[in-house]
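Okay, run32.csv now, which holds CSV, C-alpha atoms:
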chain,number,residue,atom,x,y,z
A,182,MET,CA,0.0,0.0,0.0
A,183,PHE,CA,2.8,2.4,1.0
A,184,GLY,CA,4.7,1.8,-2.3
A,185,ALA,CA,1.6,2.6,-4.3
A,186,LEU,CA,1.0,5.7,-2.2
A,187,VAL,CA,4.5,7.0,-2.7
A,188,ILE,CA,4.7,6.4,-6.5
A,189,VAL,CA,1.2,7.8,-7.2
A,190,PHE,CA,1.9,10.8,-5.0
A,191,ARG,CA,5.2,11.5,-6.7
A,192,GLU,CA,3.8,11.3,-10.2
A,193,VAL,CA,0.7,13.3,-9.3
A,194,ILE,CA,2.8,16.1,-7.8
A,195,GLU,CA,4.9,16.3,-11.0
A,196,ALA,CA,1.8,16.7,-13.2
A,197,GLY,CA,0.1,18.7,-10.5
A,198,LEU,CA,2.8,21.4,-10.4
A,199,ILE,CA,2.3,21.9,-14.1
A,200,ILE,CA,-1.5,22.0,-13.8
A,201,GLY,CA,-1.2,24.5,-10.9
A,202,ILE,CA,0.8,26.8,-13.0
A,203,VAL,CA,-1.6,26.5,-16.0
A,204,LEU,CA,-4.6,27.2,-13.7
A,205,ALA,CA,-2.9,30.2,-12.3
A,206,ALA,CA,-1.8,31.5,-15.7
A,207,THR,CA,-5.4,31.3,-16.9
A,208,ARG,CA,-7.1,32.9,-13.9
A,209,GLY,CA,-10.1,34.9,-14.8
A,210,ILE,CA,-10.7,33.1,-18.1
A,211,SER,CA,-14.2,31.8,-18.3
A,212,GLY,CA,-14.4,28.1,-19.0
A,213,ARG,CA,-10.8,27.4,-18.2
A,214,GLY,CA,-11.8,24.7,-15.7
A,215,HIS,CA,-13.3,22.7,-18.6
A,216,TRP,CA,-10.2,23.1,-20.7
A,217,VAL,CA,-7.9,21.9,-18.0
A,218,ALA,CA,-10.2,19.1,-17.1
A,219,ALA,CA,-10.3,18.1,-20.8
A,220,GLY,CA,-6.5,18.0,-20.7
A,221,VAL,CA,-6.5,15.8,-17.6
A,222,VAL,CA,-9.0,13.4,-19.1
A,223,LEU,CA,-7.2,13.2,-22.5
A,224,GLY,CA,-3.9,12.8,-20.7
A,225,THR,CA,-5.2,9.9,-18.6
A,226,LEU,CA,-6.6,8.2,-21.6
A,227,GLY,CA,-3.3,8.7,-23.3
A,228,ALA,CA,-1.4,7.3,-20.3
A,229,GLY,CA,-3.5,4.1,-20.5
A,230,VAL,CA,-2.8,3.7,-24.2
A,231,VAL,CA,0.9,4.3,-23.7
A,232,ALA,CA,1.0,1.8,-20.9
A,233,LEU,CA,-1.0,-0.8,-22.9
A,234,PHE,CA,1.5,-0.5,-25.8
A,235,ALA,CA,4.5,-0.1,-23.6
A,236,GLU,CA,6.2,-3.1,-25.1
A,237,ALA,CA,5.6,-2.1,-28.7
A,238,ILE,CA,6.8,1.4,-28.0
A,239,ALA,CA,9.9,0.1,-26.3
A,240,ASN,CA,10.8,-2.1,-29.2
A,241,ALA,CA,10.2,0.5,-31.9
A,242,PHE,CA,13.1,2.3,-33.5
A,243,GLU,CA,15.6,-0.3,-32.6
A,244,GLY,CA,14.8,-0.1,-28.9
A,245,SER,CA,14.7,3.6,-28.7
A,246,GLY,CA,11.0,4.1,-29.1
A,247,GLN,CA,10.4,5.1,-25.5
A,248,GLU,CA,13.1,7.7,-25.5
A,249,LEU,CA,11.9,9.1,-28.8
A,250,LEU,CA,8.3,9.2,-27.5
A,251,ASN,CA,9.4,11.0,-24.4
A,252,ALA,CA,11.5,13.5,-26.3
A,253,SER,CA,8.6,14.2,-28.7
A,254,VAL,CA,6.1,14.7,-25.9
A,255,LEU,CA,8.5,17.1,-24.1
A,256,GLY,CA,9.3,18.9,-27.4
A,257,ALA,CA,5.7,19.3,-28.2
A,258,ALA,CA,5.0,20.7,-24.7
A,259,VAL,CA,7.9,23.2,-25.2
A,260,VAL,CA,6.4,24.4,-28.5
A,261,MET,CA,3.0,24.8,-27.0
A,262,LEU,CA,4.4,26.8,-24.1
A,263,MET,CA,6.2,29.1,-26.6
A,264,TRP,CA,3.1,29.6,-28.5
A,265,HIS,CA,1.3,30.6,-25.3
A,266,THR,CA,4.0,32.9,-24.3
A,267,VAL,CA,3.9,34.7,-27.6
A,268,TRP,CA,0.2,35.1,-27.5
A,269,MET,CA,0.3,36.4,-23.9
A,270,ALA,CA,3.0,38.9,-24.8
A,271,ARG,CA,0.8,40.2,-27.5
A,272,HIS,CA,-2.5,40.3,-25.7
A,273,GLY,CA,-1.8,39.9,-22.0
A,274,ARG,CA,-1.8,43.6,-21.2
A,275,GLU,CA,-5.2,44.3,-22.8
A,276,MET,CA,-6.6,41.1,-21.1
A,277,ALA,CA,-5.4,42.3,-17.7
A,278,ALA,CA,-6.9,45.7,-18.3
A,279,GLU,CA,-10.2,44.1,-19.3
A,280,MET,CA,-10.2,41.9,-16.3
A,281,ALA,CA,-9.6,44.9,-14.0
A,282,ALA,CA,-12.3,46.8,-15.8
A,283,VAL,CA,-15.1,44.2,-15.5
A,284,GLY,CA,-13.7,42.8,-12.3
A,285,ALA,CA,-14.7,39.3,-13.4
A,286,ALA,CA,-14.0,36.6,-15.8
A,287,VAL,CA,-13.3,37.5,-19.4
A,288,THR,CA,-13.8,35.2,-22.3
A,289,ALA,CA,-10.9,33.2,-23.6
A,290,GLY,CA,-11.2,34.8,-27.0
A,291,LYS,CA,-8.5,33.8,-29.4
A,292,ARG,CA,-6.3,32.8,-26.5
A,293,PRO,CA,-4.6,29.5,-27.3
A,294,MET,CA,-6.2,27.5,-24.6
A,295,THR,CA,-5.7,24.5,-26.8
A,296,ALA,CA,-1.9,25.0,-26.2
A,297,LEU,CA,-2.4,24.7,-22.5
A,298,VAL,CA,-4.8,21.8,-22.8
A,299,VAL,CA,-2.1,20.0,-24.7
A,300,VAL,CA,0.6,20.8,-22.1
A,301,VAL,CA,-1.6,19.5,-19.3
A,302,GLY,CA,-2.5,16.5,-21.3
A,303,LEU,CA,1.1,15.7,-22.1
A,304,ALA,CA,2.1,16.1,-18.5
A,305,VAL,CA,-0.6,13.8,-17.3
A,306,LEU,CA,0.2,11.3,-20.0
A,307,ARG,CA,3.9,11.1,-19.1
A,308,GLU,CA,3.4,10.7,-15.4
A,309,GLY,CA,0.2,8.7,-15.7
A,310,SER,CA,1.7,6.0,-17.9
A,311,GLU,CA,4.3,5.3,-15.2
A,312,VAL,CA,1.6,5.0,-12.6
A,313,VAL,CA,-0.4,2.6,-14.7
A,314,LEU,CA,2.6,0.4,-15.4
A,315,PHE,CA,3.7,0.4,-11.8
A,316,LEU,CA,0.2,-0.4,-10.4
A,317,TYR,CA,-0.2,-3.1,-13.0
A,318,GLY,CA,3.1,-4.6,-12.0
A,319,ILE,CA,2.2,-4.7,-8.3
A,320,LEU,CA,-1.2,-6.2,-9.1
A,321,ALA,CA,0.3,-8.8,-11.4
A,322,GLY,CA,2.8,-9.5,-8.7
A,323,GLY,CA,0.0,-10.7,-6.4
A,324,ALA,CA,-0.5,-7.7,-4.2
A,325,SER,CA,-4.1,-7.3,-2.9
A,326,GLY,CA,-6.2,-5.0,-5.1
A,327,SER,CA,-7.8,-3.3,-2.1
A,328,SER,CA,-4.5,-2.2,-0.4
A,329,LEU,CA,-3.3,-1.0,-3.8
A,330,PHE,CA,-6.5,0.9,-4.3
A,331,ILE,CA,-6.3,2.6,-0.9
A,332,GLY,CA,-2.6,3.5,-1.5
A,333,GLY,CA,-3.3,4.8,-4.9
A,334,THR,CA,-6.3,6.8,-3.8
A,335,LEU,CA,-4.4,8.3,-0.9
A,336,GLY,CA,-1.5,9.2,-3.2
A,337,LEU,CA,-3.9,10.9,-5.6
A,338,ALA,CA,-5.6,12.8,-2.8
A,339,VAL,CA,-2.4,14.1,-1.3
A,340,GLY,CA,-1.0,14.9,-4.7
A,341,ALA,CA,-4.2,16.8,-5.6
A,342,ALA,CA,-4.1,18.7,-2.3
A,343,PHE,CA,-0.6,19.7,-3.2
A,344,THR,CA,-1.7,20.9,-6.7
A,345,ALA,CA,-4.3,23.0,-4.9
A,346,LEU,CA,-1.6,24.5,-2.7
A,347,THR,CA,0.5,25.4,-5.7
A,348,TYR,CA,-2.5,27.1,-7.3
A,349,TYR,CA,-3.6,29.0,-4.3
A,350,GLY,CA,0.0,30.1,-3.6
A,351,LEU,CA,0.3,31.4,-7.1
A,352,VAL,CA,-3.1,33.2,-7.2
A,353,SER,CA,-2.4,35.0,-3.9
A,354,ILE,CA,0.0,37.0,-6.0
A,355,PRO,CA,-1.7,40.3,-6.9
A,356,ALA,CA,-3.4,40.2,-10.3
A,357,ARG,CA,-1.2,42.8,-11.9
A,358,HIS,CA,1.8,40.7,-11.3
A,359,ILE,CA,0.4,37.3,-12.0
A,360,PHE,CA,1.0,37.4,-15.8
A,361,ALA,CA,4.6,38.3,-15.3
A,362,VAL,CA,5.1,35.6,-12.7
A,363,THR,CA,3.4,32.9,-14.7
A,364,THR,CA,5.3,33.9,-17.8
A,365,VAL,CA,8.6,33.4,-16.0
A,366,LEU,CA,7.4,30.1,-14.5
A,367,ILE,CA,6.3,28.9,-17.9
A,368,ALA,CA,9.6,29.9,-19.5
A,369,LEU,CA,11.5,28.0,-16.8
A,370,LEU,CA,9.2,25.0,-17.2
A,371,ALA,CA,9.8,25.0,-20.9
A,372,ALA,CA,13.6,25.3,-20.4
A,373,GLY,CA,13.6,22.3,-18.0
A,374,MET,CA,11.5,20.3,-20.4
A,375,ALA,CA,13.9,21.0,-23.3
A,376,ALA,CA,16.9,19.9,-21.1
A,377,GLN,CA,15.1,16.6,-20.4
A,378,ALA,CA,14.1,16.1,-24.0
A,379,VAL,CA,17.7,16.4,-25.2
A,380,GLN,CA,18.8,13.9,-22.6
A,381,TYR,CA,16.2,11.4,-24.0
A,382,LEU,CA,17.6,12.1,-27.5
A,383,ASP,CA,21.1,11.3,-26.1
A,384,ALA,CA,19.8,8.1,-24.6
A,385,ALA,CA,18.1,7.2,-27.9
A,386,GLY,CA,21.5,7.6,-29.6
A,387,VAL,CA,20.1,10.4,-31.8
A,388,ILE,CA,22.6,12.9,-30.4
A,389,ASN,CA,26.1,11.8,-29.7
A,390,GLY,CA,28.4,14.1,-27.9
A,391,LEU,CA,28.3,17.0,-25.5
A,392,SER,CA,27.4,14.4,-22.9
A,393,ARG,CA,30.2,15.5,-20.5
A,394,GLN,CA,28.8,16.1,-17.0
A,395,LEU,CA,29.3,19.8,-15.9
A,396,TRP,CA,28.9,19.5,-12.2
A,397,ASP,CA,27.5,17.4,-9.4
A,398,SER,CA,25.4,19.1,-6.8
A,399,SER,CA,23.8,15.8,-5.7
A,400,PRO,CA,25.5,15.9,-2.2
A,401,TRP,CA,23.7,19.3,-1.5
A,402,LEU,CA,20.5,19.0,-3.3
A,403,PRO,CA,19.8,15.5,-4.6
A,404,GLN,CA,17.5,15.4,-7.6
A,405,ASP,CA,15.7,12.3,-6.3
A,406,GLY,CA,14.8,14.0,-3.0
A,407,ILE,CA,11.4,15.6,-2.6
A,408,ILE,CA,12.7,19.2,-3.1
A,409,GLY,CA,15.0,18.2,-5.9
A,410,ARG,CA,12.1,16.5,-7.7
A,411,MET,CA,9.9,19.5,-7.4
A,412,LEU,CA,12.6,21.8,-8.6
A,413,HIS,CA,13.3,19.4,-11.4
A,414,THR,CA,9.7,19.6,-12.6
A,415,LEU,CA,9.4,23.4,-12.0
A,416,ILE,CA,12.6,24.8,-13.2
A,417,GLY,CA,14.4,21.8,-14.7
A,418,TYR,CA,16.8,21.4,-11.8
A,419,THR,CA,19.3,18.6,-12.6
A,420,ASP,CA,22.0,17.7,-10.1
A,421,ARG,CA,24.4,16.3,-12.8
A,422,PRO,CA,23.7,18.2,-16.0
A,423,THR,CA,25.5,17.5,-19.2
A,424,GLU,CA,26.8,20.2,-21.6
A,425,LEU,CA,24.0,19.4,-24.0
A,426,GLN,CA,21.4,19.8,-21.3
A,427,LEU,CA,22.7,23.2,-20.2
A,428,ILE,CA,22.8,24.4,-23.8
A,429,ALA,CA,19.2,23.3,-24.4
A,430,TYR,CA,18.2,25.0,-21.2
A,431,VAL,CA,19.8,28.3,-21.9
A,432,VAL,CA,18.8,28.3,-25.6
A,433,THR,CA,15.1,27.7,-24.7
A,434,LEU,CA,15.1,30.3,-22.0
A,435,THR,CA,16.7,32.8,-24.4
A,436,ALA,CA,14.2,31.9,-27.1
A,437,MET,CA,11.3,32.4,-24.7
A,438,ALA,CA,12.6,35.8,-23.6
A,439,ALA,CA,13.2,36.8,-27.2
A,440,LEU,CA,9.8,35.7,-28.4
A,441,ALA,CA,8.0,37.5,-25.5
A,442,TRP,CA,10.0,40.6,-26.2
A,443,LEU,CA,9.5,40.6,-30.0
A,444,ALA,CA,5.8,39.8,-29.6
A,445,ALA,CA,5.1,42.6,-27.1
A,446,PRO,CA,3.0,45.3,-28.8
A,447,THR,CA,4.8,48.1,-26.9
A,448,ARG,CA,8.0,47.2,-28.7
A,449,ALA,CA,6.7,48.4,-32.0
A,450,ARG,CA,5.8,51.8,-30.5
A,451,ARG,CA,9.1,52.2,-28.7
A,452,ALA,CA,11.3,51.0,-31.5
A,453,PRO,CA,13.5,53.8,-32.9
A,454,ALA,CA,12.5,55.0,-36.4
B,283,MET,CA,12.2,23.0,-31.5
B,284,ARG,CA,14.7,25.7,-32.2
B,285,ALA,CA,16.6,24.5,-29.2
B,286,PHE,CA,16.8,20.9,-30.4
B,287,ALA,CA,17.8,21.9,-33.9
B,288,LEU,CA,20.6,24.0,-32.5
B,289,ALA,CA,21.6,21.3,-30.0
B,290,ILE,CA,21.7,18.8,-32.7
B,291,VAL,CA,23.9,21.0,-34.9
B,292,LEU,CA,26.2,21.7,-31.9
B,293,ALA,CA,26.4,18.1,-31.1
B,294,ALA,CA,27.3,17.2,-34.6
B,295,LEU,CA,30.1,19.8,-34.6
B,296,GLY,CA,31.4,18.6,-31.3
B,297,MET,CA,31.4,14.9,-32.2
B,298,PRO,CA,34.1,13.6,-34.5
B,299,SER,CA,33.0,10.0,-34.5
B,300,ALA,CA,29.2,10.0,-34.1
B,301,GLY,CA,27.9,6.5,-33.7
B,302,ALA,CA,31.2,5.1,-32.6
B,303,VAL,CA,30.9,1.4,-31.5
B,304,ALA,CA,29.7,1.3,-28.0
B,305,GLN,CA,30.8,-1.5,-25.7
B,306,GLU,CA,27.9,-3.8,-24.8
B,307,PHE,CA,27.0,-5.3,-21.4
B,308,ASN,CA,24.1,-7.4,-20.2
B,309,LEU,CA,22.0,-7.2,-17.2
B,310,ALA,CA,19.0,-9.3,-16.1
B,311,ILE,CA,16.1,-8.6,-13.8
B,312,ARG,CA,15.0,-11.7,-12.0
B,313,ASN,CA,12.6,-11.8,-9.0
B,314,HIS,CA,12.8,-8.0,-8.9
B,315,LYS,CA,16.6,-8.1,-8.5
B,316,PHE,CA,19.4,-7.1,-10.9
B,317,GLU,CA,21.8,-9.8,-12.0
B,318,PRO,CA,24.7,-9.0,-11.7
B,319,GLN,CA,24.3,-6.2,-9.2
B,320,GLU,CA,27.5,-4.7,-10.2
B,321,ILE,CA,28.8,-3.9,-13.7
B,322,ARG,CA,32.3,-2.6,-14.4
B,323,VAL,CA,32.5,-0.4,-17.5
B,324,PRO,CA,35.3,1.6,-19.1
B,325,ALA,CA,35.4,5.2,-18.1
B,326,GLY,CA,35.2,7.9,-20.8
B,327,LYS,CA,33.3,5.7,-23.3
B,328,ARG,CA,29.8,5.2,-24.6
B,329,VAL,CA,28.4,2.0,-23.2
B,330,SER,CA,25.3,0.0,-24.1
B,331,ILE,CA,23.6,-2.0,-21.4
B,332,TYR,CA,21.0,-4.6,-22.5
B,333,VAL,CA,18.6,-5.0,-19.7
B,334,THR,CA,16.5,-8.2,-19.9
B,335,ASN,CA,13.5,-8.3,-17.7
B,336,GLU,CA,12.7,-11.9,-17.0
B,337,ASP,CA,9.9,-11.1,-14.5
B,338,PRO,CA,6.2,-11.2,-15.4
B,339,THR,CA,5.9,-7.5,-14.4
B,340,PRO,CA,7.3,-4.3,-15.8
B,341,GLU,CA,10.2,-2.6,-14.2
B,342,GLU,CA,11.8,0.9,-14.6
B,343,PHE,CA,15.5,1.1,-14.8
B,344,GLU,CA,16.2,4.4,-13.1
B,345,SER,CA,19.3,6.3,-12.1
B,346,THR,CA,19.7,10.1,-11.7
B,347,ALA,CA,23.5,9.5,-11.6
B,348,LEU,CA,23.4,7.9,-15.0
B,349,LYS,CA,20.5,10.2,-16.2
B,350,VAL,CA,18.4,7.2,-17.3
B,351,GLU,CA,14.7,6.5,-16.8
B,352,LYS,CA,13.6,3.6,-18.9
B,353,VAL,CA,10.6,1.2,-18.6
B,354,ILE,CA,11.5,-2.4,-19.3
B,355,PRO,CA,8.2,-4.2,-20.0
B,356,ALA,CA,7.6,-7.7,-18.6
B,357,LYS,CA,9.5,-10.5,-20.3
B,358,SER,CA,11.4,-8.1,-22.6
B,359,LYS,CA,14.7,-6.6,-23.3
B,360,GLY,CA,15.6,-2.9,-23.2
B,361,LEU,CA,18.7,-1.0,-24.3
B,362,VAL,CA,20.1,1.6,-22.0
B,363,ARG,CA,22.8,3.9,-23.4
B,364,ILE,CA,25.1,5.6,-20.9
B,365,GLY,CA,28.4,7.5,-20.7
B,366,PRO,CA,30.9,8.7,-21.3
B,367,LEU,CA,31.4,8.4,-17.5
B,368,ALA,CA,34.0,9.8,-15.2
B,369,PRO,CA,35.6,7.1,-13.0
B,370,GLY,CA,33.3,6.4,-10.1
B,371,ARG,CA,30.3,4.6,-8.8
B,372,TYR,CA,26.9,5.1,-10.3
B,373,GLU,CA,23.9,3.6,-8.5
B,374,PHE,CA,20.7,2.5,-10.3
B,375,ILE,CA,17.5,1.1,-9.1
B,376,GLY,CA,14.4,-0.7,-10.4
B,377,ASP,CA,11.9,2.1,-9.6
B,378,PHE,CA,8.9,-0.2,-9.4
B,379,HIS,CA,10.6,-2.5,-6.8
B,380,ALA,CA,13.1,-0.1,-5.2
B,381,ASP,CA,13.4,-2.2,-2.1
B,382,THR,CA,15.0,-5.1,-3.8
B,383,ALA,CA,16.1,-4.0,-7.3
B,384,LYS,CA,19.4,-2.2,-6.7
B,385,GLY,CA,22.7,-2.1,-8.6
B,386,VAL,CA,25.8,-0.1,-9.3
B,387,VAL,CA,27.8,0.7,-12.4
B,388,ILE,CA,31.5,1.2,-11.7
B,389,ALA,CA,33.4,3.2,-14.3
B,390,GLU,CA,37.1,2.7,-14.3
Show the structure stored in the file as structure tokens.
Amino acid sequence: MFGALVIVFREVIEAGLIIGIVLAATRGISGRGHWVAAGVVLGTLGAGVVALFAEAIANAFEGSGQELLNASVLGAAVVMLMWHTVWMARHGREMAAEMAAVGAAVTAGKRPMTALVVVVGLAVLREGSEVVLFLYGILAGGASGSSLFIGGTLGLAVGAAFTALTYYGLVSIPARHIFAVTTVLIALLAAGMAAQAVQYLDAAGVINGLSRQLWDSSPWLPQDGIIGRMLHTLIGYTDRPTELQLIAYVVTLTAMAALAWLAAPTRARRAPA
Amino acid sequence: MRAFALAIVLAALGMPSAGAVAQEFNLAIRNHKFEPQEIRVPAGKRVSIYVTNEDPTPEEFESTALKVEKVIPAKSKGLVRIGPLAPGRYEFIGDFHADTAKGVVIAE
């Protein structure tokens, strides 16, 4: 039971941090609950499918199918987050003004909610497929279904409570700052995902080289500890990063900043003639 | 995607012999334990470890030290690529049975 609790909790937290950020970033958008719920449902279904075809996926592409799938999922999430950032840079200000004016929810309009649904869905898919495989393994191993169910449910509940905590922590930030804060969080999230993605490409043998380890901070802040894990999900903390991972991280962060800067409408006005 | 494209280009530039032959090692998972529990690999080289899961349940080969996270489905074989490693000890676990499935890669 305890094993199930720990694993489910761990994976739910990882997906939950991302959902918490997305919820905070979409505060005041009417119908965003439905969008996020759709992402969770689609992600859960996807997790089941991935778990069901785990063997076929693992054997695809000369044994690198799993790594390539993970890299693609992470890469797709990074692109979606970039799209969202560009859109927010272009329209965030007017939306904030509108929200302040009506003092209530505004319609999503052309906002790429689909981008965020995809991000939520992919996060749930990645973490969820591990949970499904793990629980299936325990069940097949002869553990009692009821203790597994209790453990899993408790893990889910604690993880969900944690997601709520993330969300309420973020929305306690004053409305005029929340766009800035969530934009930074999303940029860091994307950079961390990119760094993970290139590591999967390295593991798949697609990228060879730049795999030298830059430092080892595991004695101070181990990545498999609870804080290390959370930082890993949130800002892409890695205790033993490779050159390639650092490059991917910095390039993504720079690209996010550049995209936000270029897309901001005030740029055009301020730009010298 | 820009990040990956750039990373790939940089990787290609930095790598004189992409796809160099990696040395191969074998590892089995039996009754939620690794066999052998210790593998000695050459330091500074790319290494391929074939992990054969003989159990009827899936396992996840996981190691933050080796930067690997790979599900090995029941009764199947998975390829884990690691390295080049600096000399030292690198622990790994079977994440789905972390109590019993433990092992270490020693690079020398």
**Q.** A:Gly350, A:Gly326, A:Gly244, A:Gly201 ranked by distance to chain B, top pick (using all atoms listed in the file)
**A.** A:Gly244
Q: Residues of chain A no more than 7 Å from chain B, counting all atoms listed in the file: send them over as a VMD selection string.
A: chain A and resid 235 to 236 244 256 260 314 to 315 318 321 to 322 379 384 388 to 393 421 425 429 432 to 433
Q: Name the residues in contact with B:Ile321 at a cut-off of 7 Å, using only C-alpha atoms, excluding same-chain residues fewer than 2 positions from it; report them as a ChimeraX atom specification.
A: /B:318-319,323,386-388
Q.
Give me the residues near A:Ala345 as a list in words, where near means some atom within 12 Å (using all atoms listed in the file) and where sequence neighbours in that chain fewer than 4 positions away do not count.
A. Val193, Ile194, Gly197, Leu198, Ile199, Ile200, Gly201, Ile202, Val203, Leu204, Ala205, Ala338, Val339, Gly340, Ala341, Tyr349, Gly350, Leu351 and Val352 of chain A
Q: Tell me, as a list in words, which residues lie within 7 Å of stretch 302-309 of chain A, counting all atoms listed in the file; anything in the same chain fewer than 2 positions away does not count.
A: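 The residues satisfying every condition are Glu192, Ala196, Gly220, Val221, Leu223, Gly224, Thr225, Gly227, Ala228, Val254, Ala258, Val298, Val299, Val300, Glu311, Val312 and Val313 of chain A.
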Q. Could you work out how far atom CA of A:Val230 lies from atom CA of B:Lys384, giving the answer in Å with one decimal?
A. 28.9 Å
Find the spatial neighbours of B:Gly385, counting all atoms listed in the file, within a cut-off of 8 Å - ignore same-chain residues fewer than 5 positions away - and output them as a PDB file with C-alpha atoms, in the frame of the given file.
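Okay, out-v3.pdb is ready:
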ATOM      1  CA  PHE B 316      19.400  -7.100 -10.900  1.00  0.00           C
ATOM      2  CA  PRO B 318      24.700  -9.000 -11.700  1.00  0.00           C
ATOM      3  CA  GLN B 319      24.300  -6.200  -9.200  1.00  0.00           C
ATOM      4  CA  GLU B 320      27.500  -4.700 -10.200  1.00  0.00           C
ATOM      5  CA  GLU B 373      23.900   3.600  -8.500  1.00  0.00           C
ATOM      6  CA  PHE B 374      20.700   2.500 -10.300  1.00  0.00           C
ATOM      7  CA  ILE B 375      17.500   1.100  -9.100  1.00  0.00           C
TER       8      ILE B 375
END
Q. Hey, can you check how far atom CA of A:Ala296 sits from atom CA of A:Met261?
A.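 These atoms are spaced 5.0 Å apart.
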Q.
Just to confirm, what's the straight-line distance from atom CA of A:Ala444 to atom CA of A:Ala270 in Å (one decimal)?
A. 5.6 Å
Q: Pick out the closest residue to A:Asp397 from this set: A:Ile428, A:His265, A:Ser245, A:Thr423. Count only C-alpha atoms.
A: A:Thr423
Neighbouring residues of A:Tyr381 were defined as those with any atom within 7 Å, considering all atoms listed in the file; residues of the same chain fewer than 6 positions away were excluded. Please report them as an mmCIF file with C-alpha atoms, in the coordinates of the input.
data_model
loop_
_atom_site.group_PDB
_atom_site.id
_atom_site.type_symbol
_atom_site.label_atom_id
_atom_site.label_comp_id
_atom_site.auth_asym_id
_atom_site.auth_seq_id
_atom_site.Cartn_x
_atom_site.Cartn_y
_atom_site.Cartn_z
ATOM 1 C CA GLU A 248 13.100 7.700 -25.500
ATOM 2 C CA LEU A 249 11.900 9.100 -28.800
ATOM 3 C CA ASN A 251 9.400 11.000 -24.400
ATOM 4 C CA ALA A 252 11.500 13.500 -26.300
#
**Q.** Shortest interatomic distance to B:Glu336 - which of B:Ala389, B:Ala304, B:Ala310, B:Ala383, counting only C-alpha atoms
**A.**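 Residue with the minimum atom-to-atom distance to B:Glu336: B:Ala310.
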